[in-house]
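Text of target-v6.tsv (TSV, C-alpha atoms (C1' of nucleotides)) as supplied:
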```tsv
chain	number	residue	atom	x	y	z
A	6	MET	CA	190.54	178.62	-151.77
A	7	SER	CA	187.89	175.94	-151.83
A	8	THR	CA	184.38	176.52	-153.02
A	9	SER	CA	182.95	175.85	-149.60
A	10	ALA	CA	185.28	178.37	-148.02
A	11	ASN	CA	184.16	180.88	-150.61
A	12	LYS	CA	180.60	180.19	-149.69
A	13	PHE	CA	181.34	180.68	-146.01
A	14	ASN	CA	183.12	183.90	-146.78
A	15	LYS	CA	180.11	185.27	-148.59
A	16	ILE	CA	177.90	184.37	-145.68
A	17	LEU	CA	180.37	185.97	-143.30
A	18	PHE	CA	180.44	189.11	-145.39
A	19	THR	CA	176.66	189.32	-145.40
A	20	ILE	CA	176.31	188.77	-141.68
A	21	LEU	CA	179.01	191.26	-140.82
A	22	LYS	CA	177.45	193.84	-143.06
A	23	ARG	CA	174.04	193.25	-141.59
A	24	ASN	CA	175.57	194.03	-138.20
A	25	GLY	CA	177.36	197.15	-139.39
A	26	LEU	CA	180.75	195.44	-139.18
A	27	LYS	CA	183.61	195.23	-141.61
A	28	TYR	CA	184.87	192.22	-143.49
A	29	THR	CA	188.56	191.82	-142.78
A	30	LYS	CA	191.23	189.41	-143.82
A	31	GLN	CA	191.73	188.44	-140.20
A	32	ARG	CA	188.08	187.67	-139.59
A	33	GLU	CA	188.05	185.58	-142.73
A	34	GLN	CA	191.12	183.64	-141.66
A	35	ILE	CA	189.92	183.18	-138.12
A	36	LEU	CA	186.54	181.86	-139.16
A	37	ASN	CA	187.88	179.58	-141.88
A	38	THR	CA	190.56	178.10	-139.67
A	39	PHE	CA	188.09	177.69	-136.85
A	40	LEU	CA	185.67	175.89	-139.18
A	41	SER	CA	188.43	173.57	-140.34
A	42	LEU	CA	188.75	172.25	-136.80
A	43	LYS	CA	186.43	169.85	-135.05
A	44	GLY	CA	185.19	169.79	-131.50
A	45	HIS	CA	185.79	172.46	-128.90
A	46	THR	CA	188.48	175.03	-129.55
A	47	SER	CA	189.98	177.54	-127.15
A	48	VAL	CA	191.26	180.96	-128.13
A	49	ASP	CA	194.81	179.85	-127.37
A	50	THR	CA	194.63	176.79	-129.58
A	51	LEU	CA	193.18	178.69	-132.48
A	52	TYR	CA	195.72	181.48	-132.06
A	53	GLU	CA	198.62	179.03	-132.19
A	54	ILE	CA	197.27	177.41	-135.33
A	55	LEU	CA	196.64	180.72	-137.03
A	56	ARG	CA	200.14	181.95	-136.28
A	57	LYS	CA	201.56	179.23	-138.49
A	58	THR	CA	199.99	180.71	-141.59
A	59	ASN	CA	199.87	184.30	-140.39
A	60	PRO	CA	202.59	185.04	-137.82
A	61	SER	CA	201.48	188.64	-137.49
A	62	ILE	CA	197.96	187.94	-136.27
A	63	GLY	CA	197.26	189.28	-132.80
A	64	TYR	CA	195.99	187.32	-129.86
A	65	ALA	CA	193.45	190.00	-129.03
A	66	THR	CA	192.08	189.84	-132.53
A	67	VAL	CA	191.45	186.11	-132.26
A	68	HIS	CA	189.84	186.59	-128.89
A	69	ARG	CA	187.70	189.47	-130.06
A	70	SER	CA	186.67	187.73	-133.23
A	71	LEU	CA	185.49	184.54	-131.59
A	72	LYS	CA	183.55	186.57	-129.11
A	73	LEU	CA	182.09	188.61	-131.93
A	74	PHE	CA	181.21	185.53	-133.98
A	75	ASN	CA	179.39	184.18	-130.98
A	76	LYS	CA	177.52	187.43	-130.54
A	77	ILE	CA	176.34	187.61	-134.12
A	78	GLY	CA	175.36	183.98	-133.97
A	79	ILE	CA	177.83	182.15	-136.18
A	80	VAL	CA	179.77	180.23	-133.54
A	81	GLU	CA	178.77	178.78	-130.22
A	82	MET	CA	180.51	179.45	-126.92
A	83	VAL	CA	180.64	176.96	-124.06
A	84	LYS	CA	181.85	177.84	-120.61
A	85	VAL	CA	182.14	175.41	-117.75
A	86	GLY	CA	182.75	176.92	-114.34
A	87	ASN	CA	185.84	179.11	-114.27
A	88	GLN	CA	187.49	177.45	-117.18
A	89	LYS	CA	188.35	179.40	-120.26
A	90	ALA	CA	185.75	179.72	-122.96
A	91	LEU	CA	185.58	177.08	-125.66
A	92	TYR	CA	184.07	177.65	-129.06
A	93	GLU	CA	182.37	175.16	-131.29
A	94	HIS	CA	180.63	175.03	-134.63
A	95	LYS	CA	177.06	176.17	-134.58
A	96	ASP	CA	174.52	173.59	-135.59
A	97	LYS	CA	172.50	175.07	-138.37
A	98	ASN	CA	169.16	173.87	-137.14
A	99	ARG	CA	169.44	172.34	-133.74
A	100	HIS	CA	170.57	173.68	-130.47
A	101	HIS	CA	172.61	171.20	-128.53
A	102	ASP	CA	173.67	170.79	-124.94
A	103	HIS	CA	176.48	169.04	-123.14
A	104	LEU	CA	177.28	166.21	-120.84
A	105	VAL	CA	180.55	167.03	-119.14
A	106	CYS	CA	182.57	164.31	-117.48
A	107	VAL	CA	183.99	165.52	-114.18
A	108	LYS	CA	186.77	162.93	-114.34
A	109	CYS	CA	188.22	163.37	-117.81
A	110	GLY	CA	186.65	166.67	-118.80
A	111	ASN	CA	185.34	165.38	-122.10
A	112	PHE	CA	182.16	166.70	-123.60
A	113	THR	CA	179.36	164.72	-125.11
A	114	GLU	CA	176.92	166.67	-127.20
A	115	ILE	CA	173.26	165.98	-126.86
A	116	THR	CA	170.21	167.21	-128.69
A	117	SER	CA	166.74	166.84	-127.35
A	118	ASP	CA	163.47	168.02	-128.77
A	119	GLU	CA	161.88	167.21	-125.44
A	120	LEU	CA	164.24	169.64	-123.77
A	121	GLU	CA	163.55	172.35	-126.32
A	122	ASN	CA	159.82	171.95	-125.77
A	123	LEU	CA	160.09	171.74	-122.01
A	124	GLN	CA	162.13	174.89	-121.97
A	125	LYS	CA	159.41	176.67	-123.91
A	126	ARG	CA	156.74	175.50	-121.49
A	127	ILE	CA	158.74	176.61	-118.48
A	128	ALA	CA	159.41	179.99	-120.01
A	129	SER	CA	155.82	180.63	-121.00
A	130	ARG	CA	154.66	179.63	-117.53
A	131	ASN	CA	156.92	182.35	-116.16
A	132	ASN	CA	156.01	184.89	-118.80
A	133	PHE	CA	159.60	184.86	-119.93
A	134	GLN	CA	160.74	185.46	-123.48
A	135	ILE	CA	163.42	182.92	-124.27
A	136	ILE	CA	166.53	183.91	-126.15
A	137	ASP	CA	168.67	180.89	-125.51
A	138	HIS	CA	169.46	178.25	-122.97
A	139	LYS	CA	172.40	176.27	-121.79
A	140	LEU	CA	172.13	172.93	-120.09
A	141	ILE	CA	175.21	171.29	-118.72
A	142	VAL	CA	174.90	167.89	-117.13
A	143	TYR	CA	177.83	166.96	-114.92
A	144	GLY	CA	178.65	163.34	-114.30
A	145	ILE	CA	180.88	160.44	-115.15
A	146	CYS	CA	181.13	159.24	-118.72
A	147	ARG	CA	181.01	155.66	-119.89
A	148	LYS	CA	184.77	155.36	-120.30
A	149	CYS	CA	185.55	156.67	-116.83
A	150	LYS	CA	182.81	154.58	-115.26
A	151	ASN	CA	184.38	151.45	-116.71
A	152	LYS	CA	187.86	152.46	-115.63
A	153	ARG	CA	187.24	151.63	-111.98
B	24	MET	CA	172.58	182.12	-80.53
B	25	SER	CA	169.23	180.96	-81.77
B	26	THR	CA	168.07	177.39	-81.63
B	27	SER	CA	167.98	177.11	-85.38
B	28	ALA	CA	171.55	178.36	-85.65
B	29	ASN	CA	172.55	175.76	-83.11
B	30	LYS	CA	170.92	173.13	-85.22
B	31	PHE	CA	172.71	174.32	-88.35
B	32	ASN	CA	175.97	174.31	-86.48
B	33	LYS	CA	175.53	170.70	-85.49
B	34	ILE	CA	174.76	169.76	-89.07
B	35	LEU	CA	177.79	171.72	-90.23
B	36	PHE	CA	179.97	169.96	-87.69
B	37	THR	CA	178.76	166.57	-88.82
B	38	ILE	CA	179.22	167.27	-92.50
B	39	LEU	CA	182.68	168.73	-92.00
B	40	LYS	CA	183.71	165.77	-89.93
B	41	ARG	CA	182.37	163.34	-92.49
B	42	ASN	CA	184.61	165.04	-95.03
B	43	GLY	CA	187.67	165.01	-92.80
B	44	LEU	CA	187.48	168.75	-92.27
B	45	LYS	CA	187.67	170.85	-89.13
B	46	TYR	CA	184.95	172.90	-87.52
B	47	THR	CA	186.15	176.44	-87.11
B	48	LYS	CA	184.69	179.62	-85.74
B	49	GLN	CA	185.11	181.22	-89.16
B	50	ARG	CA	183.24	178.49	-90.99
B	51	GLU	CA	180.46	178.73	-88.45
B	52	GLN	CA	180.21	182.49	-88.83
B	53	ILE	CA	180.40	182.37	-92.58
B	54	LEU	CA	177.68	179.77	-92.92
B	55	ASN	CA	175.36	181.36	-90.37
B	56	THR	CA	175.70	184.80	-91.87
B	57	PHE	CA	175.26	183.40	-95.35
B	58	LEU	CA	172.09	181.58	-94.27
B	59	SER	CA	170.71	184.77	-92.74
B	60	LEU	CA	170.71	186.35	-96.19
B	61	LYS	CA	168.25	185.73	-98.97
B	62	GLY	CA	168.78	185.41	-102.68
B	63	HIS	CA	172.11	185.31	-104.43
B	64	THR	CA	175.18	186.42	-102.52
B	65	SER	CA	178.65	187.12	-103.82
B	66	VAL	CA	181.86	186.57	-101.89
B	67	ASP	CA	182.40	190.33	-101.71
B	68	THR	CA	178.99	191.02	-100.27
B	69	LEU	CA	179.28	188.32	-97.65
B	70	TYR	CA	182.80	189.43	-96.77
B	71	GLU	CA	181.67	193.01	-96.19
B	72	ILE	CA	178.82	191.89	-93.97
B	73	LEU	CA	181.02	189.54	-91.97
B	74	ARG	CA	183.61	192.24	-91.37
B	75	LYS	CA	181.08	194.21	-89.36
B	76	THR	CA	180.91	191.54	-86.68
B	77	ASN	CA	184.39	190.12	-87.18
B	78	PRO	CA	186.79	192.71	-88.59
B	79	SER	CA	189.66	190.26	-88.61
B	80	ILE	CA	188.11	187.73	-90.95
B	81	GLY	CA	190.02	187.25	-94.17
B	82	TYR	CA	188.70	187.59	-97.67
B	83	ALA	CA	190.38	184.38	-98.75
B	84	THR	CA	188.69	182.53	-95.94
B	85	VAL	CA	185.27	183.64	-97.05
B	86	HIS	CA	186.09	182.72	-100.62
B	87	ARG	CA	187.49	179.35	-99.68
B	88	SER	CA	184.65	178.55	-97.34
B	89	LEU	CA	181.88	179.23	-99.81
B	90	LYS	CA	183.68	177.17	-102.37
B	91	LEU	CA	184.10	174.42	-99.82
B	92	PHE	CA	180.47	174.58	-98.75
B	93	ASN	CA	179.51	174.16	-102.35
B	94	LYS	CA	181.81	171.23	-102.76
B	95	ILE	CA	180.47	169.38	-99.74
B	96	GLY	CA	176.94	170.12	-100.84
B	97	ILE	CA	175.60	172.62	-98.36
B	98	VAL	CA	175.40	175.70	-100.55
B	99	GLU	CA	174.73	176.14	-104.23
B	100	MET	CA	176.93	178.06	-106.65
B	101	VAL	CA	175.61	179.82	-109.72
B	102	LYS	CA	177.84	181.21	-112.42
B	103	VAL	CA	176.62	183.09	-115.44
B	104	GLY	CA	179.18	183.69	-118.17
B	105	ASN	CA	182.27	185.46	-116.88
B	106	GLN	CA	180.54	187.05	-113.96
B	107	LYS	CA	181.69	186.35	-110.47
B	108	ALA	CA	180.24	183.36	-108.66
B	109	LEU	CA	177.06	183.79	-106.69
B	110	TYR	CA	176.01	181.51	-103.88
B	111	GLU	CA	172.53	180.63	-102.77
B	112	HIS	CA	170.80	178.46	-100.22
B	113	LYS	CA	170.52	174.86	-101.15
B	114	ASP	CA	167.03	173.50	-101.47
B	115	LYS	CA	166.81	170.55	-99.19
B	116	ASN	CA	164.90	168.35	-101.56
B	117	ARG	CA	164.66	169.93	-104.96
B	118	HIS	CA	167.21	171.04	-107.40
B	119	HIS	CA	166.31	174.28	-109.07
B	120	ASP	CA	167.41	176.10	-112.17
B	121	HIS	CA	167.40	179.67	-113.34
B	122	LEU	CA	165.86	182.02	-115.81
B	123	VAL	CA	168.27	184.91	-116.26
B	124	CYS	CA	167.09	188.17	-117.74
B	125	VAL	CA	169.64	189.56	-120.15
B	126	LYS	CA	168.27	193.08	-119.67
B	127	CYS	CA	168.16	193.49	-115.90
B	128	GLY	CA	170.22	190.51	-114.80
B	129	ASN	CA	167.62	189.27	-112.37
B	130	PHE	CA	167.21	185.59	-111.66
B	131	THR	CA	164.01	183.65	-111.48
B	132	GLU	CA	164.24	180.27	-109.87
B	133	ILE	CA	162.42	177.38	-111.42
B	134	THR	CA	161.88	173.81	-110.40
B	135	SER	CA	160.71	171.16	-112.78
B	136	ASP	CA	160.16	167.47	-112.20
B	137	GLU	CA	159.89	167.07	-115.94
B	138	LEU	CA	163.36	168.44	-116.33
B	139	GLU	CA	164.75	166.19	-113.63
B	140	ASN	CA	163.25	163.18	-115.33
B	141	LEU	CA	164.25	164.23	-118.80
B	142	GLN	CA	167.79	164.70	-117.62
B	143	LYS	CA	167.83	161.17	-116.28
B	144	ARG	CA	166.56	159.77	-119.55
B	145	ILE	CA	169.15	161.67	-121.56
B	146	ALA	CA	171.94	160.54	-119.27
B	147	SER	CA	170.94	156.89	-119.29
B	148	ARG	CA	170.67	156.96	-123.07
B	149	ASN	CA	174.29	158.08	-123.13
B	150	ASN	CA	175.42	155.68	-120.44
B	151	PHE	CA	176.33	158.66	-118.32
B	152	GLN	CA	176.21	158.71	-114.54
B	153	ILE	CA	174.66	162.02	-113.50
B	154	ILE	CA	176.10	163.98	-110.63
B	155	ASP	CA	174.40	167.29	-111.18
B	156	HIS	CA	173.10	169.59	-113.82
B	157	LYS	CA	172.74	173.25	-114.43
B	158	LEU	CA	170.20	174.76	-116.75
B	159	ILE	CA	170.25	178.45	-117.43
B	160	VAL	CA	167.61	179.94	-119.66
B	161	TYR	CA	168.50	183.35	-121.02
B	162	GLY	CA	165.79	185.71	-122.06
B	163	ILE	CA	163.75	188.76	-121.17
B	164	CYS	CA	161.71	188.76	-118.01
B	165	ARG	CA	158.15	189.95	-117.64
B	166	LYS	CA	159.09	193.32	-116.19
B	167	CYS	CA	161.57	194.14	-118.93
B	168	LYS	CA	159.20	192.91	-121.64
B	169	ASN	CA	156.58	195.33	-120.42
B	170	LYS	CA	158.99	198.20	-120.20
B	171	ARG	CA	159.19	198.67	-123.93
C	10	DA	C1'	193.52	168.61	-69.46
C	11	DG	C1'	197.84	168.29	-72.27
C	12	DT	C1'	200.20	167.26	-76.49
C	13	DG	C1'	201.38	166.63	-81.20
C	14	DA	C1'	199.95	166.06	-85.93
C	15	DA	C1'	197.40	168.07	-89.28
C	16	DA	C1'	194.27	171.53	-91.06
C	17	DT	C1'	192.98	176.33	-91.27
C	18	DT	C1'	193.53	181.15	-91.24
C	19	DG	C1'	194.79	185.80	-92.87
C	20	DA	C1'	197.63	188.57	-95.61
C	21	DT	C1'	199.24	188.95	-99.79
C	22	DA	C1'	201.30	187.49	-104.15
C	23	DA	C1'	200.52	184.97	-108.27
C	24	DT	C1'	197.77	183.35	-111.82
C	25	DT	C1'	194.53	183.36	-115.45
C	26	DA	C1'	191.19	184.80	-118.60
C	27	DT	C1'	189.30	188.55	-120.42
C	28	DT	C1'	188.82	193.42	-121.59
C	29	DA	C1'	190.49	198.18	-122.43
C	30	DT	C1'	193.64	201.39	-124.60
C	31	DC	C1'	195.49	203.57	-128.48
C	32	DA	C1'	198.28	204.67	-132.46
C	33	DA	C1'	198.68	202.66	-136.96
C	34	DT	C1'	196.32	200.52	-140.57
C	35	DA	C1'	192.59	198.87	-143.47
C	36	DA	C1'	187.81	198.70	-145.20
C	37	DT	C1'	183.82	200.87	-147.13
C	38	DA	C1'	180.40	204.39	-148.52
C	39	DC	C1'	180.23	208.17	-151.17
D	26	DG	C1'	190.01	208.33	-154.86
D	27	DT	C1'	189.09	210.11	-150.47
D	28	DA	C1'	187.14	210.78	-145.98
D	29	DT	C1'	185.17	208.39	-142.41
D	30	DT	C1'	184.97	204.87	-139.45
D	31	DA	C1'	186.12	200.32	-137.76
D	32	DT	C1'	189.69	197.12	-136.91
D	33	DT	C1'	194.12	195.51	-135.78
D	34	DG	C1'	198.14	194.32	-132.92
D	35	DA	C1'	200.76	195.14	-128.97
D	36	DT	C1'	200.39	195.68	-124.50
D	37	DA	C1'	198.52	197.32	-120.15
D	38	DA	C1'	194.76	196.95	-117.06
D	39	DT	C1'	191.19	194.54	-114.76
D	40	DA	C1'	188.97	191.22	-112.07
D	41	DA	C1'	188.12	186.89	-110.12
D	42	DT	C1'	190.09	183.17	-108.30
D	43	DT	C1'	193.83	180.40	-106.48
D	44	DA	C1'	198.42	179.59	-104.34
D	45	DT	C1'	201.78	180.50	-100.75
D	46	DC	C1'	203.26	180.35	-96.16
D	47	DA	C1'	204.09	181.45	-91.35
D	48	DA	C1'	201.19	181.68	-87.38
D	49	DT	C1'	197.39	179.80	-85.21
D	50	DT	C1'	193.74	176.60	-84.15
D	51	DT	C1'	191.44	172.20	-84.08
D	52	DC	C1'	191.04	167.59	-82.60
D	53	DA	C1'	192.33	162.75	-81.81
D	54	DC	C1'	194.67	160.50	-78.52
D	55	DT	C1'	196.48	159.91	-74.38
```
What is this file in structure tokens?
Amino acid sequence: MSTSANKFNKILFTILKRNGLKYTKQREQILNTFLSLKGHTSVDTLYEILRKTNPSIGYATVHRSLKLFNKIGIVEMVKVGNQKALYEHKDKNRHHDHLVCVKCGNFTEITSDELENLQKRIASRNNFQIIDHKLIVYGICRKCKNKR
Amino acid sequence: MSTSANKFNKILFTILKRNGLKYTKQREQILNTFLSLKGHTSVDTLYEILRKTNPSIGYATVHRSLKLFNKIGIVEMVKVGNQKALYEHKDKNRHHDHLVCVKCGNFTEITSDELENLQKRIASRNNFQIIDHKLIVYGICRKCKNKR
DNA sequence: AGTGAAATTGATAATTATTATCAATAATAC
DNA sequence: GTATTATTGATAATAATTATCAATTTCACT
């Protein structure tokens, strides 16, 4: 096991403990495999990959774990419309949002300090205590624009 | 039928026609009943209300119609997480977004020119042709903050 | 007004993602 | 090491949405 994986595992252990949860082999595997992937990963995709190294892992466990990781703040969940949930790495410091192309379905990640600040102003105007926000901009990406 | 309903019906007819769709009694009823309600309406709620005046109307028709109305731009759809879709009146001129309270589930509508402009800047930076956007801010509303 | 092509409806089945159930197993505090 | 408690894996249940399809309705065109 690599040093960085070891480091992640310690962090995982600490966070789970802090939340009164147990550190399990499955959770370790699921998180490490998830972190080895880039971009946006669905439960199904991750499950299929995990099965190669651990054929006995259960689908429900993968589903539950990703959901749990999202809840305790170590992975990010993105949902667009009725589509299935996708999970992505959590930026350590910056929240990011998404441009979604309605033609090809691809995501572009965006970060914007202006948006973070604007959000705070809007919330304080409404006497609203922000926990999080999700901005999805729908449109047509550069590639698809050029296609026509 | 009221004058305003008549007006809506003409608009509906025009928009349907423009989209190559037919004007039906059901679509008229569904839209008019929907417009007579305030706030955020689910398919189920609207279906139950419609059944009182038209017991033979089908659930699928209500579902399809709201979805269609959203597609052709005459009603707005809001989805939060895995919850069922809610539909709301479309603001004629202004897009609006939502603050969602994670405690009580209530929505607060917000409009922001700053956000509209910011969105445009972000999109143009990414060479992205905007169609629409949805911002949902999750947090705790004034009422629930004061409750504790 | 009548007609024919095409769209819509209503009932219901199918689909899909997610969540619940529960006995067996594993992790952790003591 | 043991008791307690959470988690796992398999699968069933749930819930929203979408597909199917025969019967009906709309509408463009005479």
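Distance check against chain C using all atoms listed in the file: of A:Ala90, A:Arg32, A:Ile16, A:Leu21, the minimum falls on A:Ala90.
For chain C, the residues within 8 Å of chain A are DA26, DA36 and DT37 of chain C, with all atoms listed in the file used to measure distance.
In this comparison, chain B was overlaid on chain A using all C-alpha atoms paired by position, and the resulting RMSD is 0.1 Å.
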How close does each residue of chain B get to chain A, giving the shortest atom pair and distance in Å to one decimal for every residue with an atom at most 7 Å away, counting all atoms listed in the file, sorted by chain and residue number, as JSON lines?
```
{"residue": "B:Lys102", "atom": "CA", "partner": "A:Gly86", "partner_atom": "CA", "distance": 6.8}
{"residue": "B:Gly104", "atom": "CA", "partner": "A:Lys84", "partner_atom": "CA", "distance": 6.9}
{"residue": "B:Asn150", "atom": "CA", "partner": "A:Arg147", "partner_atom": "CA", "distance": 5.6}
{"residue": "B:Phe151", "atom": "CA", "partner": "A:Cys146", "partner_atom": "CA", "distance": 4.9}
{"residue": "B:Gln152", "atom": "CA", "partner": "A:Ile145", "partner_atom": "CA", "distance": 5.0}
{"residue": "B:Ile153", "atom": "CA", "partner": "A:Gly144", "partner_atom": "CA", "distance": 4.3}
{"residue": "B:Ile154", "atom": "CA", "partner": "A:Gly144", "partner_atom": "CA", "distance": 4.5}
{"residue": "B:Asp155", "atom": "CA", "partner": "A:Tyr143", "partner_atom": "CA", "distance": 5.1}
{"residue": "B:His156", "atom": "CA", "partner": "A:Val142", "partner_atom": "CA", "distance": 4.1}
{"residue": "B:Lys157", "atom": "CA", "partner": "A:Ile141", "partner_atom": "CA", "distance": 5.3}
{"residue": "B:Leu158", "atom": "CA", "partner": "A:Leu140", "partner_atom": "CA", "distance": 4.3}
{"residue": "B:Ile159", "atom": "CA", "partner": "A:Lys139", "partner_atom": "CA", "distance": 5.3}
{"residue": "B:Val160", "atom": "CA", "partner": "A:His138", "partner_atom": "CA", "distance": 4.2}
{"residue": "B:Tyr161", "atom": "CA", "partner": "A:Asp137", "partner_atom": "CA", "distance": 5.1}
{"residue": "B:Gly162", "atom": "CA", "partner": "A:Ile135", "partner_atom": "CA", "distance": 4.3}
{"residue": "B:Ile163", "atom": "CA", "partner": "A:Gln134", "partner_atom": "CA", "distance": 5.0}
{"residue": "B:Cys164", "atom": "CA", "partner": "A:Phe133", "partner_atom": "CA", "distance": 4.8}
{"residue": "B:Arg165", "atom": "CA", "partner": "A:Asn132", "partner_atom": "CA", "distance": 5.6}
```
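Nearest-residue note for chain D: choosing from A:Thr19, A:Asn11, A:Asn37, A:Gln31, the minimum distance belongs to A:Gln31, counting only C-alpha atoms (C1' of nucleotides).
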Write out as a VMD selection string each polymer residue whose atoms come within 12 Å of DA15 of chain C, counting all atoms listed in the file; drop sequence neighbours fewer than 2 positions from it. (chain B and resid 43 to 45) or (chain C and resid 13 17) or (chain D and resid 50 to 53)
List as a list in words: which residues have an atom within 10 Å of (200.9, 178.9, -93.8), counting only C-alpha atoms (C1' of nucleotides)? DT17, DT18 and DG19 of chain C; DT45, DC46, DA47, DA48 and DT49 of chain D
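Taking atom CA of Asn129 of chain B and atom CA of Asp114 of chain B as the two end points, the separation is 19.2 Å.
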Using all atoms listed in the file, which residues of chain D come within 9 Å of chain A, and what is the closest atom pair for each, with the distance in Å to one decimal? Give it as JSON lines, sorted by chain and residue number.
```
{"residue": "D:DA31", "atom": "C1'", "partner": "A:Lys27", "partner_atom": "CA", "distance": 6.9}
{"residue": "D:DT32", "atom": "C1'", "partner": "A:Lys27", "partner_atom": "CA", "distance": 7.9}
{"residue": "D:DT33", "atom": "C1'", "partner": "A:Thr66", "partner_atom": "CA", "distance": 6.8}
{"residue": "D:DG34", "atom": "C1'", "partner": "A:Gly63", "partner_atom": "CA", "distance": 5.1}
{"residue": "D:DA35", "atom": "C1'", "partner": "A:Gly63", "partner_atom": "CA", "distance": 7.8}
{"residue": "D:DT42", "atom": "C1'", "partner": "A:Asn87", "partner_atom": "CA", "distance": 8.4}
```
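Of the residues under consideration (A:Leu73, A:Ile35, A:Leu40, A:Val80), A:Ile35 shows the shortest atom-to-atom contact distance to Asn59 of chain A when counting only C-alpha atoms.
The space between atom CA of Lys97 of chain A and atom CA of Leu51 of chain A spans 21.8 Å.
Note that the spacing between atom CA of Lys94 of chain B and atom CA of Arg74 of chain B amounts to 24.0 Å.
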Neighbouring residues of DA38 of chain C were defined as those with any atom within 12 Å, considering all atoms listed in the file; residues of the same chain fewer than 3 positions away were excluded. Please report them as an MDAnalysis selection string. (chainID A and resid 27) or (chainID D and resid 27:30)
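Residue nearest Gln52 of chain B, chosen from B:Leu35, B:Thr64, B:Asn169, B:His112 and counting all atoms listed in the file: B:Leu35.
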Only N, CA, C and O atoms, as a JSON list (two decimals), in the first residue's frame: that is what I want for segment 115-126 of chain A.
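Now in decode-v8.json:
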```json
[["chain", "number", "residue", "atom", "x", "y", "z"],
["A", 115, "ILE", "N", -16.19, 24.57, -12.51],
["A", 115, "ILE", "CA", -15.84, 25.98, -12.38],
["A", 115, "ILE", "C", -15.69, 26.34, -10.91],
["A", 115, "ILE", "O", -16.38, 25.79, -10.05],
["A", 116, "THR", "N", -14.80, 27.25, -10.65],
["A", 116, "THR", "CA", -14.71, 27.80, -9.30],
["A", 116, "THR", "C", -14.83, 29.31, -9.44],
["A", 116, "THR", "O", -14.36, 29.88, -10.42],
["A", 117, "SER", "N", -15.46, 29.91, -8.49],
["A", 117, "SER", "CA", -15.65, 31.35, -8.58],
["A", 117, "SER", "C", -15.78, 31.98, -7.20],
["A", 117, "SER", "O", -16.73, 31.72, -6.47],
["A", 118, "ASP", "N", -14.79, 32.77, -6.86],
["A", 118, "ASP", "CA", -14.87, 33.50, -5.59],
["A", 118, "ASP", "C", -16.05, 34.45, -5.59],
["A", 118, "ASP", "O", -16.72, 34.62, -4.58],
["A", 119, "GLU", "N", -16.27, 35.04, -6.76],
["A", 119, "GLU", "CA", -17.40, 35.98, -6.87],
["A", 119, "GLU", "C", -18.71, 35.29, -6.48],
["A", 119, "GLU", "O", -19.54, 35.85, -5.79],
["A", 120, "LEU", "N", -18.84, 34.05, -6.97],
["A", 120, "LEU", "CA", -20.06, 33.31, -6.67],
["A", 120, "LEU", "C", -20.16, 33.00, -5.18],
["A", 120, "LEU", "O", -21.23, 33.12, -4.57],
["A", 121, "GLU", "N", -19.03, 32.60, -4.60],
["A", 121, "GLU", "CA", -19.04, 32.30, -3.17],
["A", 121, "GLU", "C", -19.47, 33.53, -2.37],
["A", 121, "GLU", "O", -20.27, 33.43, -1.45],
["A", 122, "ASN", "N", -18.93, 34.67, -2.76],
["A", 122, "ASN", "CA", -19.26, 35.90, -2.04],
["A", 122, "ASN", "C", -20.70, 36.34, -2.27],
["A", 122, "ASN", "O", -21.40, 36.73, -1.33],
["A", 123, "LEU", "N", -21.13, 36.22, -3.50],
["A", 123, "LEU", "CA", -22.50, 36.60, -3.84],
["A", 123, "LEU", "C", -23.50, 35.76, -3.05],
["A", 123, "LEU", "O", -24.48, 36.27, -2.51],
["A", 124, "GLN", "N", -23.21, 34.49, -3.01],
["A", 124, "GLN", "CA", -24.04, 33.56, -2.26],
["A", 124, "GLN", "C", -24.18, 34.00, -0.81],
["A", 124, "GLN", "O", -25.26, 33.98, -0.23],
["A", 125, "LYS", "N", -23.05, 34.42, -0.24],
["A", 125, "LYS", "CA", -23.08, 34.86, 1.15],
["A", 125, "LYS", "C", -23.95, 36.11, 1.31],
["A", 125, "LYS", "O", -24.71, 36.22, 2.28],
["A", 126, "ARG", "N", -23.82, 37.02, 0.36],
["A", 126, "ARG", "CA", -24.62, 38.25, 0.45],
["A", 126, "ARG", "C", -26.11, 37.94, 0.35],
["A", 126, "ARG", "O", -26.92, 38.46, 1.10]]
```
